[in-house]
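> Supplied structure: input.tsv, TSV, C-alpha atoms.
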```
chain	number	residue	atom	x	y	z
A	1	MET	CA	-142.90	-42.88	255.65
A	2	PRO	CA	-142.12	-44.40	252.24
A	3	ARG	CA	-141.96	-48.17	251.97
A	4	PRO	CA	-138.38	-49.54	251.72
A	5	PHE	CA	-137.31	-50.25	248.14
A	6	ARG	CA	-137.17	-53.95	247.30
A	7	CYS	CA	-134.48	-55.12	244.90
A	8	ARG	CA	-135.74	-57.24	242.04
A	9	TRP	CA	-134.41	-60.79	241.92
A	10	ILE	CA	-132.77	-61.89	238.70
A	11	GLU	CA	-131.77	-65.44	237.87
A	12	GLN	CA	-129.24	-64.58	235.19
A	13	LEU	CA	-127.53	-61.59	233.69
A	14	PRO	CA	-127.83	-60.96	229.94
A	15	VAL	CA	-125.01	-62.54	227.98
A	16	TYR	CA	-125.52	-60.13	225.08
A	17	ARG	CA	-125.64	-56.53	226.24
A	18	SER	CA	-125.77	-54.40	223.08
A	19	PHE	CA	-127.94	-54.49	219.96
A	20	SER	CA	-127.68	-52.12	216.99
A	21	PRO	CA	-129.42	-51.93	213.59
A	22	ASP	CA	-127.28	-53.20	210.70
A	23	ASP	CA	-128.63	-50.88	208.04
A	24	THR	CA	-128.01	-47.53	209.74
A	25	ALA	CA	-125.62	-45.89	212.16
A	26	ALA	CA	-127.63	-45.57	215.36
A	27	SER	CA	-127.43	-41.97	216.59
A	28	GLU	CA	-129.15	-42.66	219.92
A	29	THR	CA	-128.91	-45.36	222.56
A	30	ILE	CA	-131.76	-46.64	224.70
A	31	SER	CA	-130.86	-48.20	228.04
A	32	VAL	CA	-132.88	-51.23	229.10
A	33	THR	CA	-132.19	-52.13	232.72
A	34	VAL	CA	-131.24	-55.63	233.82
A	35	ASP	CA	-134.49	-56.03	235.78
A	36	GLU	CA	-136.45	-54.95	232.69
A	37	PHE	CA	-134.54	-57.58	230.70
A	38	GLU	CA	-135.41	-60.20	233.33
A	39	ALA	CA	-139.11	-59.34	233.14
A	40	LEU	CA	-139.01	-59.69	229.35
A	41	ARG	CA	-137.11	-62.97	229.62
A	42	LEU	CA	-139.57	-64.48	232.06
A	43	LEU	CA	-142.77	-63.19	230.46
A	44	ASP	CA	-141.99	-63.27	226.73
A	45	TYR	CA	-139.22	-65.89	226.45
A	46	GLU	CA	-140.30	-68.35	229.15
A	47	GLY	CA	-144.00	-67.51	228.76
A	48	LEU	CA	-144.76	-67.09	232.46
A	49	THR	CA	-147.84	-65.35	233.79
A	50	GLN	CA	-147.35	-62.05	235.55
A	51	GLU	CA	-148.10	-63.74	238.87
A	52	ALA	CA	-145.38	-66.34	238.28
A	53	CYS	CA	-142.95	-63.67	237.09
A	54	ALA	CA	-143.64	-61.58	240.20
A	55	SER	CA	-142.91	-64.60	242.39
A	56	ARG	CA	-139.63	-65.35	240.58
A	57	MET	CA	-138.51	-61.71	240.84
A	58	ASN	CA	-139.74	-61.37	244.46
A	59	ILE	CA	-141.84	-58.29	243.71
A	60	SER	CA	-145.52	-57.46	243.32
A	61	ARG	CA	-147.52	-58.05	240.16
A	62	THR	CA	-148.04	-54.29	239.89
A	63	THR	CA	-144.28	-53.74	239.85
A	64	VAL	CA	-143.85	-56.46	237.23
A	65	THR	CA	-146.43	-54.74	235.02
A	66	ALA	CA	-144.65	-51.39	235.32
A	67	ILE	CA	-141.22	-52.90	234.56
A	68	TYR	CA	-142.54	-54.90	231.62
A	69	GLU	CA	-144.40	-51.98	230.05
A	70	SER	CA	-141.33	-49.75	230.39
A	71	ALA	CA	-139.12	-52.36	228.72
A	72	ARG	CA	-141.50	-52.96	225.82
A	73	LYS	CA	-141.90	-49.24	225.16
A	74	LYS	CA	-138.12	-48.81	225.03
A	75	ILE	CA	-137.65	-51.74	222.65
A	76	ALA	CA	-140.47	-50.55	220.40
A	77	ASP	CA	-138.82	-47.12	220.22
A	78	ALA	CA	-135.49	-48.73	219.26
A	79	LEU	CA	-137.06	-50.94	216.59
A	80	VAL	CA	-139.17	-48.19	215.03
A	81	ASN	CA	-136.56	-45.46	215.16
A	82	GLY	CA	-133.35	-47.44	214.60
A	83	LYS	CA	-131.79	-46.84	218.01
A	84	ARG	CA	-129.14	-48.90	219.76
A	85	ILE	CA	-130.24	-50.98	222.76
A	86	LEU	CA	-127.87	-51.25	225.71
A	87	ILE	CA	-128.77	-53.49	228.67
A	88	THR	CA	-127.26	-52.00	231.79
A	89	GLY	CA	-128.05	-50.81	235.31
A	90	GLY	CA	-131.26	-51.27	237.24
A	91	HIS	CA	-132.29	-52.30	240.75
A	92	PHE	CA	-131.54	-55.98	241.25
A	93	GLU	CA	-129.78	-58.73	243.12
A	94	TYR	CA	-129.28	-62.41	242.37
A	95	ALA	CA	-132.16	-64.70	243.21
A	96	PRO	CA	-131.20	-67.42	245.69
A	97	VAL	CA	-129.56	-70.35	243.88
A	98	LYS	CA	-130.24	-73.92	244.95
A	99	ILE	CA	-127.02	-75.90	245.12
A	100	GLN	CA	-127.58	-79.60	244.54
A	101	GLN	CA	-124.67	-80.85	246.63
A	102	THR	CA	-123.04	-80.12	249.96
A	103	ILE	CA	-120.37	-77.42	249.78
A	104	ALA	CA	-117.61	-77.27	252.37
A	105	GLU	CA	-118.06	-74.46	254.86
A	106	LYS	CA	-115.89	-71.45	254.13
A	107	GLY	CA	-113.91	-69.92	256.97
A	108	ASN	CA	-113.83	-66.22	257.79
A	109	ASN	CA	-110.21	-65.88	256.63
A	110	THR	CA	-110.54	-68.16	253.63
A	111	MET	CA	-110.30	-67.18	249.98
A	112	ARG	CA	-112.25	-69.53	247.70
A	113	ILE	CA	-110.91	-70.03	244.17
A	114	ALA	CA	-113.17	-71.64	241.55
A	115	VAL	CA	-111.60	-73.14	238.43
A	116	THR	CA	-113.46	-74.34	235.34
A	117	TYR	CA	-112.63	-78.02	235.45
A	118	ASP	CA	-112.39	-81.00	233.12
A	119	ASN	CA	-110.37	-84.11	234.03
A	120	GLY	CA	-107.67	-82.20	235.89
A	121	GLN	CA	-107.38	-79.41	233.32
A	122	ILE	CA	-108.79	-75.90	233.10
A	123	PHE	CA	-111.85	-76.15	230.86
A	124	GLN	CA	-111.51	-73.51	228.17
A	125	HIS	CA	-115.14	-72.39	227.69
A	126	PHE	CA	-116.59	-70.80	230.83
A	127	GLY	CA	-120.20	-70.84	229.65
A	128	ARG	CA	-120.19	-74.58	228.98
A	129	THR	CA	-118.28	-75.83	232.00
A	130	ALA	CA	-119.94	-78.83	233.65
A	131	GLN	CA	-117.79	-78.64	236.77
A	132	PHE	CA	-115.82	-76.28	238.94
A	133	LYS	CA	-113.01	-77.31	241.22
A	134	LEU	CA	-112.95	-75.24	244.40
A	135	TYR	CA	-109.77	-74.46	246.30
A	136	ASP	CA	-109.98	-72.85	249.73
A	137	THR	CA	-106.80	-70.97	250.61
A	138	GLU	CA	-105.51	-69.49	253.82
A	139	GLU	CA	-102.18	-67.68	254.23
A	140	ASN	CA	-101.21	-68.39	250.62
A	141	ARG	CA	-101.72	-72.14	250.85
A	142	ILE	CA	-104.54	-74.46	249.77
A	143	VAL	CA	-106.34	-76.02	252.75
A	144	ASN	CA	-109.27	-77.74	251.02
A	145	GLU	CA	-110.31	-78.92	247.55
A	146	GLN	CA	-113.69	-79.96	246.16
A	147	ILE	CA	-115.18	-80.69	242.73
A	148	ILE	CA	-118.78	-79.56	242.18
A	149	ASP	CA	-121.22	-79.94	239.29
A	150	THR	CA	-122.91	-76.93	237.70
A	151	ASN	CA	-126.01	-79.02	236.90
A	152	GLY	CA	-126.47	-77.44	233.51
A	153	THR	CA	-126.43	-73.85	234.77
A	154	GLY	CA	-126.24	-71.58	231.71
A	155	HIS	CA	-123.46	-69.03	231.30
A	156	GLY	CA	-125.78	-66.12	232.03
A	157	ALA	CA	-126.47	-67.63	235.46
A	158	LEU	CA	-123.03	-68.99	236.36
A	159	ALA	CA	-122.03	-65.78	238.13
A	160	GLY	CA	-124.99	-66.23	240.48
A	161	PHE	CA	-124.00	-69.86	240.96
A	162	LEU	CA	-120.45	-68.86	241.87
A	163	LYS	CA	-121.75	-66.21	244.25
A	164	ALA	CA	-123.98	-68.79	245.92
A	165	ILE	CA	-121.01	-71.07	246.62
A	166	ASN	CA	-119.06	-68.12	248.04
A	167	ALA	CA	-116.38	-68.02	245.36
A	168	ASP	CA	-114.01	-65.04	245.54
A	169	VAL	CA	-111.97	-65.77	242.41
A	170	LEU	CA	-112.59	-67.49	239.09
A	171	ILE	CA	-109.77	-69.00	237.03
A	172	CYS	CA	-110.81	-69.99	233.50
A	173	GLY	CA	-109.82	-70.05	229.84
A	174	GLY	CA	-112.03	-68.15	227.40
A	175	ILE	CA	-114.94	-66.07	228.66
A	176	GLY	CA	-117.33	-63.68	226.92
A	177	MET	CA	-117.72	-60.01	227.78
A	178	GLY	CA	-121.22	-60.48	229.14
A	179	ALA	CA	-120.00	-63.12	231.57
A	180	GLN	CA	-117.07	-60.91	232.55
A	181	THR	CA	-119.50	-58.12	233.41
A	182	ALA	CA	-121.67	-60.54	235.36
A	183	LEU	CA	-118.72	-61.67	237.45
A	184	SER	CA	-117.66	-58.10	238.09
A	185	GLU	CA	-121.16	-57.20	239.24
A	186	ALA	CA	-121.17	-60.27	241.50
A	187	GLY	CA	-117.89	-59.14	243.10
A	188	ILE	CA	-115.90	-62.12	241.81
A	189	ARG	CA	-112.27	-61.61	240.77
A	190	LEU	CA	-111.52	-62.95	237.27
A	191	CYS	CA	-108.29	-64.54	236.05
A	192	ALA	CA	-108.98	-65.57	232.44
A	193	GLY	CA	-106.91	-66.93	229.57
A	194	VAL	CA	-105.30	-69.61	231.73
A	195	GLN	CA	-104.51	-73.09	230.37
A	196	GLY	CA	-103.14	-76.34	231.76
A	197	SER	CA	-103.44	-77.98	235.16
A	198	ALA	CA	-106.19	-76.68	237.45
A	199	ASP	CA	-104.21	-77.63	240.56
A	200	GLU	CA	-101.12	-75.80	239.36
A	201	ALA	CA	-103.09	-72.67	238.45
A	202	ALA	CA	-104.80	-72.56	241.85
A	203	ALA	CA	-101.48	-73.01	243.65
A	204	ALA	CA	-99.93	-70.24	241.54
A	205	PHE	CA	-102.79	-67.88	242.38
A	206	ALA	CA	-102.48	-68.70	246.06
A	207	ASN	CA	-98.83	-67.65	246.10
A	208	GLY	CA	-99.32	-64.66	243.77
A	209	THR	CA	-97.54	-65.96	240.66
A	210	LEU	CA	-100.42	-66.87	238.34
A	211	VAL	CA	-100.04	-65.42	234.83
A	212	TYR	CA	-103.37	-64.63	233.18
A	213	ASP	CA	-104.88	-62.45	230.48
A	214	PRO	CA	-107.41	-59.79	231.57
A	215	ALA	CA	-108.49	-59.37	227.93
A	216	ALA	CA	-109.16	-63.08	227.29
A	217	SER	CA	-112.45	-63.95	225.61
A	218	CYS	CA	-113.90	-67.08	224.08
A	219	ASP	CA	-111.87	-66.54	220.91
A	220	HIS	CA	-108.86	-64.56	222.10
A	221	HIS	CA	-105.89	-65.39	224.29
A	222	GLY	CA	-102.97	-63.02	224.57
A	223	GLU	CA	-100.06	-62.12	226.78
A	224	GLY	CA	-100.63	-62.34	230.49
A	225	HIS	CA	-99.52	-60.55	233.59
A	226	GLU	CA	-99.09	-61.49	237.21
A	227	CYS	CA	-102.07	-61.16	239.49
A	228	SER	CA	-102.08	-59.65	242.94
A	229	HIS	CA	-104.63	-60.34	245.63
A	230	HIS	CA	-107.28	-57.95	246.80
A	231	GLU	CA	-110.53	-58.24	248.67
A	232	ASP	CA	-113.74	-58.31	246.64
A	233	GLY	CA	-116.91	-56.73	247.92
A	234	ASP	CA	-120.14	-58.63	248.54
A	235	CYS	CA	-122.78	-58.64	245.85
A	236	ARG	CA	-125.23	-55.89	246.68
A	237	CYS	CA	-128.34	-54.49	245.13
A	238	HIS	CA	-127.25	-52.69	241.95
A	239	HIS	CA	-128.62	-49.25	241.12
A	240	ASP	CA	-128.45	-46.91	238.20
A	241	ALA	CA	-125.75	-44.28	238.47
```
Represent the structure from my file as structure tokens, please.

Amino acid sequence: MPRPFRCRWIEQLPVYRSFSPDDTAASETISVTVDEFEALRLLDYEGLTQEACASRMNISRTTVTAIYESARKKIADALVNGKRILITGGHFEYAPVKIQQTIAEKGNNTMRIAVTYDNGQIFQHFGRTAQFKLYDTEENRIVNEQIIDTNGTGHGALAGFLKAINADVLICGGIGMGAQTALSEAGIRLCAGVQGSADEAAAAFANGTLVYDPAASCDHHGEGHECSHHEDGDCRCHHDA
């Protein structure tokens, strides 16, 4: 009987997903998986040993070697032959995130809204937010509020942080496409392009009247539309299609 497949732990999703040569129109695309990216990040960027990388990814050293060699071969092919690199897919789940403060327990019928927060206002740059304000809602009303620190968590890892605190929804200002993808893959609903009071935005979401911009990015804010509630799925191990 084959051994059950073990998802690879990743600590952060890539913020930049696509790379193309400037001096030619790439005719082919090479897909590097997210777990291959994580192996490269840990081994080549952070300089870990394969044993340490295996521990961080919760897999064997043999598996790390195979992932790493596959990733390097793909990148070498792209560099030598002028191909586009796209980071997507793979077999992974978020590594457990250590939260440095006590988070209020979330009820079974509670929706948890996280808002990028700065002195009462919605902080406009998701990747650099130092705090989130959490709003727990039940039956379209806010029943609990709490401000938490991100402790310097980088924007590539904030989706995992939000998942660890059981956030269902994120309200923010500008946000990059990589972070948007990370939130989607973590099963977190995004309401971007919102400005002004954090409390007012959370209350508007709770009663279904929040106006936001689904196309908002770090340098673009446009016309909004009204959001409607839906249930988000739990973050599961992601697989190639």
> Please, which residues are within 10 Å of (-113.8, -60.6, 237.9) by the file's coordinates, counting all atoms listed in the file, and could they come as a ChimeraX atom specification?
/A:159,168-171,179-192,214,232
> Find the spatial neighbours of A:Gln101, counting only C-alpha atoms, within a cut-off of 12 Å - ignore same-chain residues fewer than 4 positions away - and output them as a list in words.
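What passes the distance filter is Val97, Gln146, Ile147, Ile148, Asp149, Thr150, Asn151 and Ile165 of chain A.
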> Pick the closest to A:Ala95 from A:Gly160, A:Gly82, A:Gly196, A:Pro21: which is it, counting only C-alpha atoms?
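Once distances to A:Ala95 are computed over only C-alpha atoms, the minimum belongs to A:Gly160.
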> For a quick check of understanding, using all atoms listed in the file, which of A:Thr209, A:Asn108, A:Asn166, A:Gln124 has the smallest distance to A:Asn140?
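For A:Asn140, the nearest of the candidates is A:Thr209.
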> Which of these, A:Gln195, A:Asn144, A:Asn119, A:Asn81, has the shortest distance to A:Ala25 once you count all atoms listed in the file?
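The closest residue to A:Ala25 is A:Asn81.
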> Given the choices A:Met57, A:Ala204, A:Ala78, A:Ile113, which gets closest to A:Thr29 if the distance is worked out from all atoms listed in the file?
A:Ala78
> With distances taken over all atoms listed in the file, which residue among A:Ile30, A:Cys53, A:Leu40, A:Leu48 lies nearest A:Ile87?
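Among the listed residues, the smallest separation from A:Ile87 belongs to A:Ile30.
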> Using only C-alpha atoms, give me every residue within 7 Å of (-106.9, -77.7, 238.5) in file coordinates, as a PDB file with C-alpha atoms, in the frame of the given file.

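Output file selection05.pdb follows:
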```pdb
ATOM      1  CA  VAL A 115    -111.600 -73.140 238.430  1.00  0.00           C
ATOM      2  CA  TYR A 117    -112.630 -78.020 235.450  1.00  0.00           C
ATOM      3  CA  GLY A 120    -107.670 -82.200 235.890  1.00  0.00           C
ATOM      4  CA  GLN A 121    -107.380 -79.410 233.320  1.00  0.00           C
ATOM      5  CA  ILE A 122    -108.790 -75.900 233.100  1.00  0.00           C
ATOM      6  CA  LYS A 133    -113.010 -77.310 241.220  1.00  0.00           C
ATOM      7  CA  SER A 197    -103.440 -77.980 235.160  1.00  0.00           C
ATOM      8  CA  ALA A 198    -106.190 -76.680 237.450  1.00  0.00           C
ATOM      9  CA  ASP A 199    -104.210 -77.630 240.560  1.00  0.00           C
ATOM     10  CA  GLU A 200    -101.120 -75.800 239.360  1.00  0.00           C
ATOM     11  CA  ALA A 201    -103.090 -72.670 238.450  1.00  0.00           C
ATOM     12  CA  ALA A 202    -104.800 -72.560 241.850  1.00  0.00           C
TER      13      ALA A 202
END
```
> A:Asp44, A:Phe132, A:Val143, A:Gly173: which is nearest A:Leu158, counting all atoms listed in the file?
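Going through A:Asp44, A:Phe132, A:Val143, A:Gly173 one by one, the smallest distance to A:Leu158 is for A:Phe132.
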> What does the structure give for the distance between atom CA of A:Thr88 and atom CA of A:Ser31, in Å to one decimal?
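Straight-line distance from atom CA of A:Thr88 to atom CA of A:Ser31 works out to 6.4 Å.
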> How far is it from atom CA of A:Val32 to atom CA of A:Lys98, in Å with one decimal?
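These atoms are spaced 27.8 Å apart.
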> If you keep C-alpha atoms, can you output stretch 22-97 of chain A as a PDB file, in the first residue's frame?

```pdb
ATOM      1  CA  ASP A  22      13.297  41.733 -21.270  1.00  0.00           C
ATOM      2  CA  ASP A  23      15.177  41.264 -24.513  1.00  0.00           C
ATOM      3  CA  THR A  24      12.933  38.696 -26.196  1.00  0.00           C
ATOM      4  CA  ALA A  25       9.303  37.654 -26.344  1.00  0.00           C
ATOM      5  CA  ALA A  26       9.196  34.410 -24.389  1.00  0.00           C
ATOM      6  CA  SER A  27       7.471  31.752 -26.489  1.00  0.00           C
ATOM      7  CA  GLU A  28       7.318  29.161 -23.701  1.00  0.00           C
ATOM      8  CA  THR A  29       6.445  29.230 -20.017  1.00  0.00           C
ATOM      9  CA  ILE A  30       7.982  27.061 -17.325  1.00  0.00           C
ATOM     10  CA  SER A  31       5.912  26.437 -14.200  1.00  0.00           C
ATOM     11  CA  VAL A  32       7.784  26.368 -10.906  1.00  0.00           C
ATOM     12  CA  THR A  33       5.567  25.083  -8.104  1.00  0.00           C
ATOM     13  CA  VAL A  34       5.130  26.936  -4.829  1.00  0.00           C
ATOM     14  CA  ASP A  35       6.850  24.149  -2.876  1.00  0.00           C
ATOM     15  CA  GLU A  36       9.782  24.297  -5.316  1.00  0.00           C
ATOM     16  CA  PHE A  37       9.932  28.061  -4.724  1.00  0.00           C
ATOM     17  CA  GLU A  38       9.948  27.469  -0.966  1.00  0.00           C
ATOM     18  CA  ALA A  39      12.847  25.013  -1.239  1.00  0.00           C
ATOM     19  CA  LEU A  40      14.823  27.556  -3.272  1.00  0.00           C
ATOM     20  CA  ARG A  41      13.969  30.312  -0.801  1.00  0.00           C
ATOM     21  CA  LEU A  42      15.100  28.310   2.200  1.00  0.00           C
ATOM     22  CA  LEU A  43      18.207  26.747   0.663  1.00  0.00           C
ATOM     23  CA  ASP A  44      19.531  29.479  -1.633  1.00  0.00           C
ATOM     24  CA  TYR A  45      18.091  32.681  -0.135  1.00  0.00           C
ATOM     25  CA  GLU A  46      18.196  31.840   3.574  1.00  0.00           C
ATOM     26  CA  GLY A  47      21.206  29.518   3.192  1.00  0.00           C
ATOM     27  CA  LEU A  48      19.791  26.623   5.209  1.00  0.00           C
ATOM     28  CA  THR A  49      21.163  23.102   5.083  1.00  0.00           C
ATOM     29  CA  GLN A  50      18.997  20.452   3.484  1.00  0.00           C
ATOM     30  CA  GLU A  51      18.321  18.980   6.932  1.00  0.00           C
ATOM     31  CA  ALA A  52      17.076  22.333   8.231  1.00  0.00           C
ATOM     32  CA  CYS A  53      15.032  22.909   5.080  1.00  0.00           C
ATOM     33  CA  ALA A  54      13.441  19.468   5.425  1.00  0.00           C
ATOM     34  CA  SER A  55      12.480  20.273   9.012  1.00  0.00           C
ATOM     35  CA  ARG A  56      10.940  23.634   8.049  1.00  0.00           C
ATOM     36  CA  MET A  57       8.959  22.047   5.201  1.00  0.00           C
ATOM     37  CA  ASN A  58       7.987  18.977   7.287  1.00  0.00           C
ATOM     38  CA  ILE A  59       9.305  16.505   4.715  1.00  0.00           C
ATOM     39  CA  SER A  60      12.287  14.205   4.342  1.00  0.00           C
ATOM     40  CA  ARG A  61      15.713  15.321   3.164  1.00  0.00           C
ATOM     41  CA  THR A  62      15.312  13.060   0.128  1.00  0.00           C
ATOM     42  CA  THR A  63      12.131  14.892  -0.851  1.00  0.00           C
ATOM     43  CA  VAL A  64      13.840  18.256  -0.363  1.00  0.00           C
ATOM     44  CA  THR A  65      16.644  17.156  -2.687  1.00  0.00           C
ATOM     45  CA  ALA A  66      14.181  16.087  -5.383  1.00  0.00           C
ATOM     46  CA  ILE A  67      12.164  19.327  -5.138  1.00  0.00           C
ATOM     47  CA  TYR A  68      15.285  21.490  -5.164  1.00  0.00           C
ATOM     48  CA  GLU A  69      16.868  19.740  -8.145  1.00  0.00           C
ATOM     49  CA  SER A  70      13.621  20.000 -10.107  1.00  0.00           C
ATOM     50  CA  ALA A  71      13.352  23.731  -9.379  1.00  0.00           C
ATOM     51  CA  ARG A  72      16.953  24.477 -10.334  1.00  0.00           C
ATOM     52  CA  LYS A  73      16.664  22.543 -13.595  1.00  0.00           C
ATOM     53  CA  LYS A  74      13.550  24.508 -14.541  1.00  0.00           C
ATOM     54  CA  ILE A  75      15.152  27.864 -13.742  1.00  0.00           C
ATOM     55  CA  ALA A  76      18.313  26.958 -15.645  1.00  0.00           C
ATOM     56  CA  ASP A  77      16.184  26.065 -18.675  1.00  0.00           C
ATOM     57  CA  ALA A  78      14.386  29.421 -18.451  1.00  0.00           C
ATOM     58  CA  LEU A  79      17.623  31.400 -18.124  1.00  0.00           C
ATOM     59  CA  VAL A  80      19.445  29.598 -20.929  1.00  0.00           C
ATOM     60  CA  ASN A  81      16.543  29.447 -23.349  1.00  0.00           C
ATOM     61  CA  GLY A  82      14.727  32.708 -22.589  1.00  0.00           C
ATOM     62  CA  LYS A  83      11.536  31.189 -21.210  1.00  0.00           C
ATOM     63  CA  ARG A  84       8.994  32.797 -18.904  1.00  0.00           C
ATOM     64  CA  ILE A  85       8.864  31.535 -15.307  1.00  0.00           C
ATOM     65  CA  LEU A  86       5.468  31.248 -13.636  1.00  0.00           C
ATOM     66  CA  ILE A  87       5.242  30.220  -9.966  1.00  0.00           C
ATOM     67  CA  THR A  88       2.005  28.343  -9.453  1.00  0.00           C
ATOM     68  CA  GLY A  89       0.509  25.109  -8.143  1.00  0.00           C
ATOM     69  CA  GLY A  90       2.243  22.390  -6.173  1.00  0.00           C
ATOM     70  CA  HIS A  91       1.521  20.284  -3.106  1.00  0.00           C
ATOM     71  CA  PHE A  92       1.595  22.485  -0.022  1.00  0.00           C
ATOM     72  CA  GLU A  93      -0.101  23.901   3.024  1.00  0.00           C
ATOM     73  CA  TYR A  94       0.823  26.715   5.390  1.00  0.00           C
ATOM     74  CA  ALA A  95       3.318  25.881   8.095  1.00  0.00           C
ATOM     75  CA  PRO A  96       1.947  26.463  11.596  1.00  0.00           C
ATOM     76  CA  VAL A  97       2.305  30.133  12.561  1.00  0.00           C
TER      77      VAL A  97
END
```
